[in-house]
>>> print(open('query_2.pdb').read())   # PDB, C-alpha atoms
ATOM      1  CA  MET A   1      39.531 -97.143-181.915
ATOM      2  CA  LEU A   2      38.543 -93.947-180.169
ATOM      3  CA  LEU A   3      34.895 -94.596-180.944
ATOM      4  CA  GLY A   4      35.083 -98.035-179.317
ATOM      5  CA  ILE A   5      36.543 -96.607-176.119
ATOM      6  CA  LEU A   6      33.734 -94.081-175.907
ATOM      7  CA  VAL A   7      31.116 -96.822-176.334
ATOM      8  CA  VAL A   8      32.681 -98.873-173.536
ATOM      9  CA  LEU A   9      32.729 -95.869-171.193
ATOM     10  CA  CYS A  10      29.081 -95.253-171.841
ATOM     11  CA  PHE A  11      28.176 -98.680-170.517
ATOM     12  CA  ILE A  12      30.216 -98.325-167.282
ATOM     13  CA  PRO A  13      27.730 -97.642-164.422
ATOM     14  CA  THR A  14      28.247 -94.276-162.713
ATOM     15  CA  ALA A  15      28.295 -93.993-158.913
ATOM     16  CA  ASP A  16      25.300 -92.266-157.380
ATOM     17  CA  VAL A  17      26.711 -89.546-155.166
ATOM     18  CA  THR A  18      23.441 -89.261-153.263
ATOM     19  CA  GLU A  19      23.222 -92.953-152.406
ATOM     20  CA  ASN A  20      23.619 -93.850-148.725
ATOM     21  CA  LYS A  21      24.003 -90.249-147.625
ATOM     22  CA  ILE A  22      22.189 -88.603-144.743
ATOM     23  CA  LEU A  23      21.668 -84.836-144.545
ATOM     24  CA  VAL A  24      20.391 -83.126-141.399
ATOM     25  CA  ALA A  25      18.877 -79.642-141.035
ATOM     26  CA  GLN A  26      18.306 -77.840-137.701
ATOM     27  CA  ARG A  27      17.115 -74.379-136.748
ATOM     28  CA  PRO A  28      20.028 -72.220-135.546
ATOM     29  CA  LEU A  29      18.489 -70.842-132.334
ATOM     30  CA  LEU A  30      15.890 -72.005-129.873
ATOM     31  CA  THR A  31      14.956 -69.776-126.917
ATOM     32  CA  VAL A  32      13.418 -71.480-123.909
ATOM     33  CA  ALA A  33      11.395 -69.386-121.450
ATOM     34  CA  ASN A  34       9.315 -72.076-119.724
ATOM     35  CA  LYS A  35      12.027 -74.752-119.238
ATOM     36  CA  THR A  36      10.598 -76.806-122.134
ATOM     37  CA  ALA A  37      12.222 -77.139-125.542
ATOM     38  CA  THR A  38      11.232 -78.974-128.724
ATOM     39  CA  LEU A  39      14.094 -79.536-131.157
ATOM     40  CA  VAL A  40      13.195 -80.857-134.616
ATOM     41  CA  CYS A  41      15.861 -82.661-136.651
ATOM     42  CA  ASN A  42      14.837 -82.860-140.316
ATOM     43  CA  TYR A  43      16.821 -85.362-142.370
ATOM     44  CA  THR A  44      16.970 -86.890-145.844
ATOM     45  CA  TYR A  45      18.243 -90.379-146.669
ATOM     46  CA  ASN A  46      18.416 -92.053-150.065
ATOM     47  CA  GLY A  47      19.732 -95.426-148.964
ATOM     48  CA  THR A  48      18.082 -98.741-148.253
ATOM     49  CA  GLY A  49      18.562 -98.854-144.487
ATOM     50  CA  LYS A  50      15.915-100.491-142.335
ATOM     51  CA  GLU A  51      17.255 -99.863-138.862
ATOM     52  CA  PHE A  52      18.152 -96.362-137.649
ATOM     53  CA  ARG A  53      19.383 -94.544-134.597
ATOM     54  CA  ALA A  54      18.936 -90.811-133.869
ATOM     55  CA  SER A  55      20.656 -89.066-130.986
ATOM     56  CA  LEU A  56      20.975 -85.561-129.571
ATOM     57  CA  HIS A  57      24.401 -84.355-128.458
ATOM     58  CA  LYS A  58      25.402 -81.354-126.327
ATOM     59  CA  GLY A  59      28.512 -79.189-126.658
ATOM     60  CA  THR A  60      30.731 -78.019-129.488
ATOM     61  CA  ASP A  61      32.530 -81.371-129.459
ATOM     62  CA  SER A  62      29.270 -83.360-129.059
ATOM     63  CA  ALA A  63      30.787 -84.985-125.988
ATOM     64  CA  VAL A  64      27.507 -85.437-124.108
ATOM     65  CA  GLU A  65      24.772 -87.625-125.518
ATOM     66  CA  VAL A  66      21.529 -86.203-124.169
ATOM     67  CA  CYS A  67      19.178 -88.914-125.402
ATOM     68  CA  PHE A  68      18.592 -91.236-128.345
ATOM     69  CA  ILE A  69      15.879 -93.154-130.166
ATOM     70  CA  SER A  70      16.278 -96.208-132.376
ATOM     71  CA  TRP A  71      13.717 -97.791-134.638
ATOM     72  CA  ASN A  72      13.168-100.345-137.374
ATOM     73  CA  THR A  73      10.132-101.640-139.163
ATOM     74  CA  THR A  74       8.702-103.280-136.035
ATOM     75  CA  LYS A  75      10.273-101.764-132.906
ATOM     76  CA  ILE A  76      11.074 -98.379-131.347
ATOM     77  CA  SER A  77      13.237 -97.830-128.260
ATOM     78  CA  SER A  78      14.636 -94.736-126.574
ATOM     79  CA  ASN A  79      16.758 -93.707-123.619
ATOM     80  CA  SER A  80      17.840 -90.478-121.897
ATOM     81  CA  ASN A  81      20.850 -89.233-120.000
ATOM     82  CA  LYS A  82      20.123 -89.131-116.250
ATOM     83  CA  GLU A  83      21.079 -85.448-116.152
ATOM     84  CA  PHE A  84      18.398 -84.549-118.718
ATOM     85  CA  ASN A  85      14.691 -85.010-119.197
ATOM     86  CA  CYS A  86      14.534 -85.901-122.864
ATOM     87  CA  GLN A  87      12.429 -88.053-125.146
ATOM     88  CA  GLY A  88      12.832 -88.690-128.878
ATOM     89  CA  ILE A  89       9.991 -89.244-131.343
ATOM     90  CA  HIS A  90      10.395 -90.446-134.931
ATOM     91  CA  ASP A  91       7.982 -89.067-137.508
ATOM     92  CA  LYS A  92       8.657 -89.919-141.180
ATOM     93  CA  ASP A  93      11.613 -87.783-142.281
ATOM     94  CA  LYS A  94      12.251 -86.042-138.971
ATOM     95  CA  VAL A  95      13.107 -86.771-135.360
ATOM     96  CA  ILE A  96      11.634 -84.622-132.589
ATOM     97  CA  PHE A  97      13.485 -84.289-129.285
ATOM     98  CA  ASN A  98      11.380 -82.986-126.399
ATOM     99  CA  LEU A  99      13.249 -81.634-123.367
ATOM    100  CA  TRP A 100      11.636 -80.410-120.129
ATOM    101  CA  ASN A 101      12.666 -79.074-116.715
ATOM    102  CA  MET A 102      15.688 -77.463-118.310
ATOM    103  CA  SER A 103      17.935 -75.113-116.331
ATOM    104  CA  ALA A 104      19.989 -72.106-117.387
ATOM    105  CA  SER A 105      23.168 -74.166-116.941
ATOM    106  CA  GLN A 106      22.048 -76.389-119.842
ATOM    107  CA  THR A 107      22.273 -73.518-122.320
ATOM    108  CA  ASP A 108      24.572 -74.799-125.077
ATOM    109  CA  ILE A 109      24.729 -75.913-128.705
ATOM    110  CA  TYR A 110      23.010 -79.196-129.561
ATOM    111  CA  PHE A 111      23.579 -81.447-132.575
ATOM    112  CA  CYS A 112      21.388 -84.118-134.145
ATOM    113  CA  LYS A 113      23.000 -87.312-135.337
ATOM    114  CA  ILE A 114      21.167 -89.762-137.619
ATOM    115  CA  GLU A 115      22.667 -93.198-138.248
ATOM    116  CA  ALA A 116      21.672 -95.965-140.666
ATOM    117  CA  MET A 117      22.585 -99.053-138.658
ATOM    118  CA  TYR A 118      21.403-101.948-140.855
ATOM    119  CA  PRO A 119      21.841-103.291-143.469
ATOM    120  CA  PRO A 120      25.409-102.350-144.346
ATOM    121  CA  PRO A 121      27.012-100.063-145.163
ATOM    122  CA  TYR A 122      26.799 -98.084-141.928
ATOM    123  CA  VAL A 123      26.122 -94.410-142.687
ATOM    124  CA  TYR A 124      25.705 -91.295-140.532
ATOM    125  CA  ASN A 125      25.272 -87.643-141.322
ATOM    126  CA  GLU A 126      28.003 -85.073-141.419
ATOM    127  CA  LYS A 127      28.012 -82.697-138.484
ATOM    128  CA  SER A 128      25.441 -79.966-138.955
ATOM    129  CA  ASN A 129      25.614 -76.380-137.770
ATOM    130  CA  GLY A 130      23.636 -77.351-134.674
ATOM    131  CA  THR A 131      21.032 -75.503-132.623
ATOM    132  CA  VAL A 132      21.832 -73.136-129.782
ATOM    133  CA  ILE A 133      19.301 -73.724-127.019
ATOM    134  CA  HIS A 134      19.151 -70.668-124.772
ATOM    135  CA  VAL A 135      17.413 -71.459-121.503
ATOM    136  CA  LYS A 136      16.339 -68.295-119.702
ATOM    137  CA  GLU A 137      16.520 -68.162-115.937
ATOM    138  CA  THR A 138      12.998 -68.047-114.539
ATOM    139  CA  PRO A 139      12.742 -65.399-111.805
ATOM    140  CA  ILE A 140      10.887 -66.309-108.652
ATOM    141  CA  GLN A 141       7.802 -64.169-108.423
ATOM    142  CA  THR A 142       5.883 -63.718-105.212
ATOM    143  CA  GLN A 143       2.301 -62.669-105.628
ATOM    144  CA  GLU A 144       0.928 -60.407-102.958
ATOM    145  CA  PRO A 145      -2.461 -61.505-101.635
ATOM    146  CA  GLN A 146      -5.151 -59.354-103.145
ATOM    147  CA  SER A 147      -7.677 -57.939-100.720
ATOM    148  CA  ALA A 148     -11.346 -58.441-101.487
ATOM    149  CA  ILE A 149     -12.084 -54.907-100.167
ATOM    150  CA  PRO A 150     -11.383 -52.093-102.649
ATOM    151  CA  LEU A 151      -8.533 -49.781-101.766
ATOM    152  CA  TRP A 152     -10.668 -46.626-101.588
ATOM    153  CA  ILE A 153     -12.985 -48.220 -99.021
ATOM    154  CA  MET A 154     -10.025 -49.164 -96.825
ATOM    155  CA  VAL A 155      -8.681 -45.597 -97.062
ATOM    156  CA  ALA A 156     -12.089 -44.124 -96.149
ATOM    157  CA  VAL A 157     -12.533 -46.439 -93.156
ATOM    158  CA  THR A 158      -9.006 -45.656 -91.958
ATOM    159  CA  GLY A 159      -9.717 -41.909 -92.205
ATOM    160  CA  VAL A 160     -12.982 -42.199 -90.232
ATOM    161  CA  LEU A 161     -11.302 -44.230 -87.499
ATOM    162  CA  ALA A 162      -8.461 -41.716 -87.273
ATOM    163  CA  PHE A 163     -10.963 -38.824 -86.993
ATOM    164  CA  TYR A 164     -12.921 -40.495 -84.189
ATOM    165  CA  SER A 165      -9.697 -41.341 -82.384
ATOM    166  CA  MET A 166      -8.637 -37.685 -82.459
ATOM    167  CA  LEU A 167     -12.109 -36.582 -81.336
ATOM    168  CA  ILE A 168     -12.161 -38.965 -78.375
ATOM    169  CA  THR A 169      -8.652 -37.919 -77.402
ATOM    170  CA  THR A 170      -9.631 -34.213 -77.486
ATOM    171  CA  VAL A 171     -12.745 -34.796 -75.334
ATOM    172  CA  PHE A 172     -10.723 -36.772 -72.820
ATOM    173  CA  ILE A 173      -8.058 -34.035 -72.557
ATOM    174  CA  ASN A 174     -10.722 -31.341 -72.022
ATOM    175  CA  TYR A 175     -12.431 -33.398 -69.345
ATOM    176  CA  TRP A 176      -9.138 -34.036 -67.600
ATOM    177  CA  GLN A 177      -8.235 -30.339 -67.613
ATOM    178  CA  LYS A 178     -11.653 -29.372 -66.170
ATOM    179  CA  SER A 179     -11.346 -32.000 -63.449
ATOM    180  CA  LYS A 180      -7.896 -30.700 -62.569
ATOM    181  CA  LYS A 181      -9.207 -27.107 -62.247
ATOM    182  CA  ASN A 182     -12.046 -28.251 -59.937
ATOM    183  CA  MET A 183      -9.527 -29.984 -57.705
ATOM    184  CA  TYR A 184      -7.507 -26.762 -57.437
ATOM    185  CA  HIS A 185     -10.640 -24.756 -56.472
ATOM    186  CA  GLN A 186     -11.646 -27.225 -53.771
ATOM    187  CA  SER A 187      -8.184 -27.114 -52.199
ATOM    188  CA  ASP A 188      -8.514 -23.288 -51.767
ATOM    189  CA  TYR A 189     -11.487 -23.538 -49.329
ATOM    190  CA  MET A 190     -10.746 -22.576 -45.681
ATOM    191  CA  ASN A 191     -10.547 -25.434 -43.204
ATOM    192  CA  MET A 192     -12.972 -24.493 -40.353
ATOM    193  CA  THR A 193     -11.972 -27.322 -37.998
ATOM    194  CA  PRO A 194     -10.992 -25.952 -34.441
ATOM    195  CA  ARG A 195      -7.291 -26.100 -33.783
ATOM    196  CA  HIS A 196      -5.400 -26.300 -30.479
ATOM    197  CA  PRO A 197      -3.028 -23.558 -29.409
ATOM    198  CA  PRO A 198       0.506 -23.820 -30.720
ATOM    199  CA  TYR A 199       2.013 -24.429 -27.257
ATOM    200  CA  GLN A 200      -0.154 -27.530 -26.720
ATOM    201  CA  LYS A 201       0.910 -29.246 -29.951
ATOM    202  CA  ASN A 202       2.815 -31.965 -28.125
ATOM    203  CA  LYS A 203       0.183 -32.715 -25.460
ATOM    204  CA  GLY A 204      -1.199 -35.644 -27.337
ATOM    205  CA  TYR A 205      -4.682 -34.215 -27.748
ATOM    206  CA  PRO A 206      -6.536 -34.114 -31.024
ATOM    207  CA  SER A 207      -6.669 -30.815 -32.817
ATOM    208  CA  TYR A 208     -10.363 -30.470 -32.220
ATOM    209  CA  ALA A 209     -10.317 -31.274 -28.436
ATOM    210  CA  PRO A 210     -10.906 -28.320 -26.018
ATOM    211  CA  THR A 211      -8.000 -27.164 -23.894
ATOM    212  CA  ARG A 212      -8.124 -28.313 -20.269
ATOM    213  CA  ASP A 213      -7.407 -26.063 -17.297
ATOM    214  CA  TYR A 214      -4.772 -27.921 -15.339
ATOM    215  CA  THR A 215      -4.790 -25.456 -12.454
ATOM    216  CA  ALA A 216      -7.870 -27.170 -10.994
ATOM    217  CA  TYR A 217      -5.878 -30.316 -10.358
ATOM    218  CA  ARG A 218      -2.969 -28.698  -8.524
ATOM    219  CA  SER A 219      -2.581 -29.587  -4.837
ATOM    220  CA  TRP A 220      -3.048 -26.830  -2.282
ATOM    221  CA  GLN A 221       0.115 -25.398  -0.918
ATOM    222  CA  PRO A 222       0.356 -22.978   2.023
TER
END
>>> encode(input="query_2.pdb", output="structure tokens")
Amino acid sequence: MLLGILVVLCFIPTADVTENKILVAQRPLLTVANKTATLVCNYTYNGTGKEFRASLHKGTDSAVEVCFISWNTTKISSNSNKEFNCQGIHDKDKVIFNLWNMSASQTDIYFCKIEAMYPPPYVYNEKSNGTVIHVKETPIQTQEPQSAIPLWIMVAVTGVLAFYSMLITTVFINYWQKSKKNMYHQSDYMNMTPRHPPYQKNKGYPSYAPTRDYTAYRSWQP
């Protein structure tokens, strides 16, 4: 009796634990320095699905769907969240999500989700460990215009101009001082122009006019 039970159990088909199961593997960290990220979602699937959907989700609770791609044997379609620049590409056993123009505020953890849509049964992968995408803030760099003239030539020219400026200033100061001394010497010469007597200052005559003898014009008096 026991032998018969064992024979019957041997002919009962065993369930394949790997059938209709999707496993996803992601790299744990992705650092973005140029605002462009490429996230690869490797997956394995042992089912018989013919229509699939892969999506990228943001946040620890996967609340934000960044973008998705769906495909079957004849058609591929994709779409992206308006707040992201994202495009999905399917390549054999992996899905590649390309993101560009990312900002530092989009730094977060991202999860890949692979779904077997058709034929039934519907299957999707268990939540993976995800990938932390760290978007570095790009500093604004201002490039100073580079001069075509070497620095040492500019320094030499500046020195020569400064020397000539000092030389011209010194010559001008010396000339001005000499001119000032000559003016002082000329002012010390004696003025030889004839002058009228002090008591005739208010007569209205020029200083160089001879003094008249007014006694000749007096009327005769007895």
>>> residues_around(input="query_2.pdb", residues="range 87-90 of chain A", least_positions_apart="2", cutoff="7 Å", atoms="all atoms listed in the file", output="list of chain:residue names")
A:Cys67, A:Phe68, A:Ile69, A:Ser78, A:Ser80, A:Lys92, A:Lys94, A:Val95, A:Ile96, A:Phe97, A:Asn98, A:Leu99
>>> closest_residue(input="query_2.pdb", among="A:Ile153, A:Ala63, A:Val171, A:Ala37", to="Phe111 in chain A", atoms="all atoms listed in the file")
A:Ala63
>>> closest_residue(input="query_2.pdb", among="A:Ser128, A:Asn79, A:Asn85, A:Ser165", to="Ile114 in chain A", atoms="only C-alpha atoms")
A:Ser128
>>> closest_residue(input="query_2.pdb", among="A:Thr169, A:Gln26, A:Ser70, A:Thr31", to="Glu115 in chain A", atoms="only C-alpha atoms")
A:Ser70
>>> closest_residue(input="query_2.pdb", among="A:Gln177, A:Thr131, A:Gln106, A:Asn46", to="Val64 in chain A", atoms="only C-alpha atoms")
A:Gln106
>>> closest_residue(input="query_2.pdb", among="A:Ala54, A:Val66, A:Ile173, A:Ile22", to="Cys86 in chain A", atoms="all atoms listed in the file")
A:Val66
>>> resolve_selection(input="query_2.pdb", expression="the PyMOL selection byres ((chain A and resi 44) around 6)", output="ChimeraX atom specification")
/A:22-23,43,45
>>> closest_residue(input="query_2.pdb", among="A:Ile76, A:Ile149, A:Ile109, A:Ala156", to="Leu56 in chain A", atoms="all atoms listed in the file")
A:Ile109
>>> atom_distance(input="query_2.pdb", atom1="CA of Lys113 in chain A", atom2="CA of Arg53 in chain A")
8.1 Å
>>> resolve_selection(input="query_2.pdb", expression="the PyMOL selection byres ((chain A and resi 132) around 7)", output="PyMOL selection string")
chain A and resi 28-30+108-110+130-131+133-134
>>> atom_distance(input="query_2.pdb", atom1="CA of Ala104 in chain A", atom2="CA of Lys136 in chain A")
5.8 Å
>>> atom_distance(input="query_2.pdb", atom1="CA of Asn34 in chain A", atom2="CA of Glu65 in chain A")
22.7 Å
>>> resolve_selection(input="query_2.pdb", expression="the PyMOL selection byres ((chain A and resi 47) around 12)", output="PyMOL selection string")
chain A and resi 16-23+44-46+48-52+115-124
